[in-house]
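**Student:** Quick one: this structure, given as structure tokens, is what I'll be asking you about.
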Amino acid sequence: MKTLLAAFALSFSFAQAAPLKVATLHPIVADLARQVGGANVEVIEILKPGGDIHHFEPAPKDIAAMRGSRLLLASGKGLETYLDKLRDSLGAGIKLVEVGEKIPSIPYVCNHDHGEHDHHHGQFDPHWWHSAENMKRAARVMSDELSAADPANAAAYEAGAKAASKRFSELKVWAQKEITKISRADRKLVTAHSAFGYFCKEFGFEPISLLGVGRSDDADSKHVAETIAEIREHGIKAVFPEDQANPKVLAEIARSTGVKIGEPLIADGTAKTAHTFETMLAHNVRALVAALGAQK
């Protein structure tokens, strides 16, 4: 009888210790959930590294993979344009959380008027995770949501958020030190798409984008000519394509101006080789310093 009771108690303790299952719609959010949740959380990545956040929509197999999750963690700020439709498919068993919802928004910056068709994500830049301070805010949001779903481990989630925030602060200090290798006059970030507003605000760059916020590759001759004139007027040293985006417009501009083309930047945080805040920031800062820093 004692053996039977002991076995029952052991199986009950295992059941109690089962990790909280959460599903995610962005690789950086998935990594944050792992940092904050630790061993208490099982993360199911719906949008995996290498995916395209601007064109992804969950398929039936993705809906099936979400089953059993207590939380569905989205980036938010209009980035996942399919969320309203997805809410109707989820049912009451899973809570949809837009992690970026409580993070202060900034308008996305585009140097040219492209009309209404370029505003399909709304008027605010949805790429909030290019900022260490925003990642710290997101860690607190993550801790609160995990704690609400799993109160027994609230202290662990709070500790995880504090540890993640400390790491983000250290990464910010590292990036600031590296960026001092670029003169203030050369801190102009020319990209095709408007994905780096939060990065530029945090690290003191002037963003100059050509095509708006999405993955459109269309720019008429007027917009290209305006950008070429701006590059010449300000003596801009380099332009930067983005991973997973067609570099043809920037290549045309580089041919016309003689300006160098920098290493492609990680714009959407979904690159197979850089899909965490740390790896994305490190890649982008090193690429900027290599192209814009003082040459010895």
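In the structure tokens, chains take the letters A, B, ... in the order shown, each chain's residues start at 1, and ligands count up from 1 in the order shown.
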Can you tell me, as a list of chain:residue names, which residues in region 34-127 of chain A count as alpha helix (DSSP H) by DSSP?

**Tutor:** A:Arg34, A:Gln35, A:Val36, A:Gly37, A:Pro60, A:Lys61, A:Asp62, A:Ile63, A:Ala64, A:Ala65, A:Met66, A:Leu83, A:Asp84, A:Lys85, A:Leu86, A:Arg87, A:Asp88, A:Ser89, A:Leu90

**Student:** Once you count only C-alpha atoms, what closest atom pair and distance in Å to one decimal does each residue of region 23-44 of chain A within 12 Å of region 260-271 of chain A have, with rows by chain and rising residue number, as CSV?

**Tutor:**
residue,atom,partner,partner_atom,distance
A:Leu25,CA,A:Thr270,CA,10.7
A:His26,CA,A:Thr270,CA,7.5
A:Pro27,CA,A:Thr270,CA,6.1
A:Ile28,CA,A:Gly269,CA,6.5
A:Val29,CA,A:Gly269,CA,9.7
A:Ala30,CA,A:Thr270,CA,11.0
A:Asp31,CA,A:Gly269,CA,11.0

**Student:** Any chance you can output those residues with C-alpha atoms as a CSV table (one decimal), in the first residue's frame?

**Tutor:**
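Below you can see selection37.csv, which holds the result:
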chain,number,residue,atom,x,y,z
A,25,LEU,CA,4.7,34.2,-33.4
A,26,HIS,CA,8.2,35.7,-33.5
A,27,PRO,CA,11.6,34.2,-32.8
A,28,ILE,CA,12.8,37.1,-30.6
A,29,VAL,CA,9.7,36.7,-28.5
A,30,ALA,CA,10.3,33.0,-28.3
A,31,ASP,CA,13.8,33.6,-27.1

**Student:** Extract, using only C-alpha atoms, all DNA, RNA and protein residues at most 7 Å from Val259 (chain A), discarding same-chain residues fewer than 2 positions from it, and format them as a short mmCIF file (atom, residue, chain, number, x, y, z; two decimals) with N, CA and C atoms, in the first residue's frame.

**Tutor:**
data_model
loop_
_atom_site.label_atom_id
_atom_site.label_comp_id
_atom_site.auth_asym_id
_atom_site.auth_seq_id
_atom_site.Cartn_x
_atom_site.Cartn_y
_atom_site.Cartn_z
N LYS A 237 28.36 57.69 -46.22
CA LYS A 237 29.44 56.76 -46.58
C LYS A 237 28.96 55.41 -47.07
N ALA A 238 27.80 54.96 -46.63
CA ALA A 238 27.36 53.60 -46.98
C ALA A 238 25.84 53.50 -46.92
N ALA A 254 23.76 52.84 -55.14
CA ALA A 254 25.20 52.73 -54.94
C ALA A 254 25.95 52.93 -56.25
N THR A 257 25.97 56.72 -57.05
CA THR A 257 26.68 57.63 -56.14
C THR A 257 28.11 57.21 -55.84
N ILE A 261 28.26 49.64 -50.32
CA ILE A 261 27.13 48.86 -49.81
C ILE A 261 27.62 48.07 -48.61
#

**Student:** Closest to Ala291 (chain A) among A:Ser183, A:Asn153, A:Ser131, A:Gln123, using only C-alpha atoms?

**Tutor:**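 Using only C-alpha atoms, Ala291 (chain A) sits closest to A:Ser183.
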
**Student:** So which bits of region 83-247 of chain A end up strand (DSSP E) when you DSSP the backbone, as a list of chain:residue names?

**Tutor:**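 Matching residues for strand (DSSP E) in region 83-247 of chain A are A:Lys95, A:Leu96, A:Val97, A:Glu98, A:Lys188, A:Leu189, A:Val190, A:Thr191, A:Glu206, A:Pro207, A:Ile208, A:Ser209, A:Ala238, A:Val239, A:Phe240.
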
**Student:** Take the residues that were just selected and, keeping N, CA and C atoms, output them as a short mmCIF file (atom, residue, chain, number, x, y, z; two decimals), in the first residue's frame.

**Tutor:**
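The result, written out as result.cif:
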data_model
loop_
_atom_site.label_atom_id
_atom_site.label_comp_id
_atom_site.auth_asym_id
_atom_site.auth_seq_id
_atom_site.Cartn_x
_atom_site.Cartn_y
_atom_site.Cartn_z
N LYS A 95 -4.82 32.39 -24.29
CA LYS A 95 -4.85 33.85 -24.22
C LYS A 95 -3.84 34.41 -25.21
N LEU A 96 -4.29 35.33 -26.07
CA LEU A 96 -3.39 35.98 -27.02
C LEU A 96 -2.81 37.23 -26.38
N VAL A 97 -1.49 37.31 -26.33
CA VAL A 97 -0.78 38.43 -25.72
C VAL A 97 0.07 39.11 -26.78
N GLU A 98 -0.16 40.40 -27.01
CA GLU A 98 0.71 41.20 -27.88
C GLU A 98 1.77 41.85 -26.98
N LYS A 188 24.35 58.09 -39.96
CA LYS A 188 23.16 58.16 -40.80
C LYS A 188 22.93 56.77 -41.37
N LEU A 189 21.78 56.22 -41.09
CA LEU A 189 21.50 54.83 -41.47
C LEU A 189 20.56 54.81 -42.66
N VAL A 190 21.12 54.52 -43.85
CA VAL A 190 20.35 54.49 -45.09
C VAL A 190 19.98 53.05 -45.40
N THR A 191 18.68 52.77 -45.38
CA THR A 191 18.17 51.44 -45.68
C THR A 191 17.02 51.56 -46.67
N GLU A 206 20.54 58.84 -37.50
CA GLU A 206 19.46 59.43 -38.28
C GLU A 206 18.99 58.39 -39.29
N PRO A 207 17.73 57.96 -39.23
CA PRO A 207 17.26 56.96 -40.19
C PRO A 207 16.87 57.60 -41.52
N ILE A 208 17.33 57.00 -42.61
CA ILE A 208 16.95 57.45 -43.95
C ILE A 208 16.50 56.21 -44.71
N SER A 209 15.18 56.09 -44.93
CA SER A 209 14.66 54.90 -45.60
C SER A 209 13.94 55.31 -46.88
N ALA A 238 27.80 54.96 -46.63
CA ALA A 238 27.36 53.60 -46.98
C ALA A 238 25.84 53.50 -46.92
N VAL A 239 25.32 52.56 -47.70
CA VAL A 239 23.90 52.20 -47.62
C VAL A 239 23.84 50.72 -47.24
N PHE A 240 22.73 50.33 -46.61
CA PHE A 240 22.65 48.99 -46.04
C PHE A 240 21.42 48.24 -46.54
#

**Student:** Counting only C-alpha atoms, figure out which residue out of A:Lys248, A:Glu45, A:Trp128, A:His234 gets nearest to Leu71 (chain A).

**Tutor:**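 The closest residue to Leu71 (chain A) is A:Glu45.
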
**Student:** Smallest atom-to-atom distance to Ala185 (chain A): which of A:Gly76, A:Glu202, A:Glu230, A:Gly235, using only C-alpha atoms?

**Tutor:**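 The closest residue to Ala185 (chain A) is A:Gly235.
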
**Student:** Hey, which of A:Gln244, A:Lys201, A:Phe168, A:Leu210 ends up closest to Ala282 (chain A)? Count only C-alpha atoms.

**Tutor:**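 Smallest distance to Ala282 (chain A) is found for A:Phe168.
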
**Student:** What is the CA of Pro49 (chain A)-CA of Lys272 (chain A) distance in Å, reported with one decimal?

**Tutor:**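 These atoms are spaced 4.9 Å apart.
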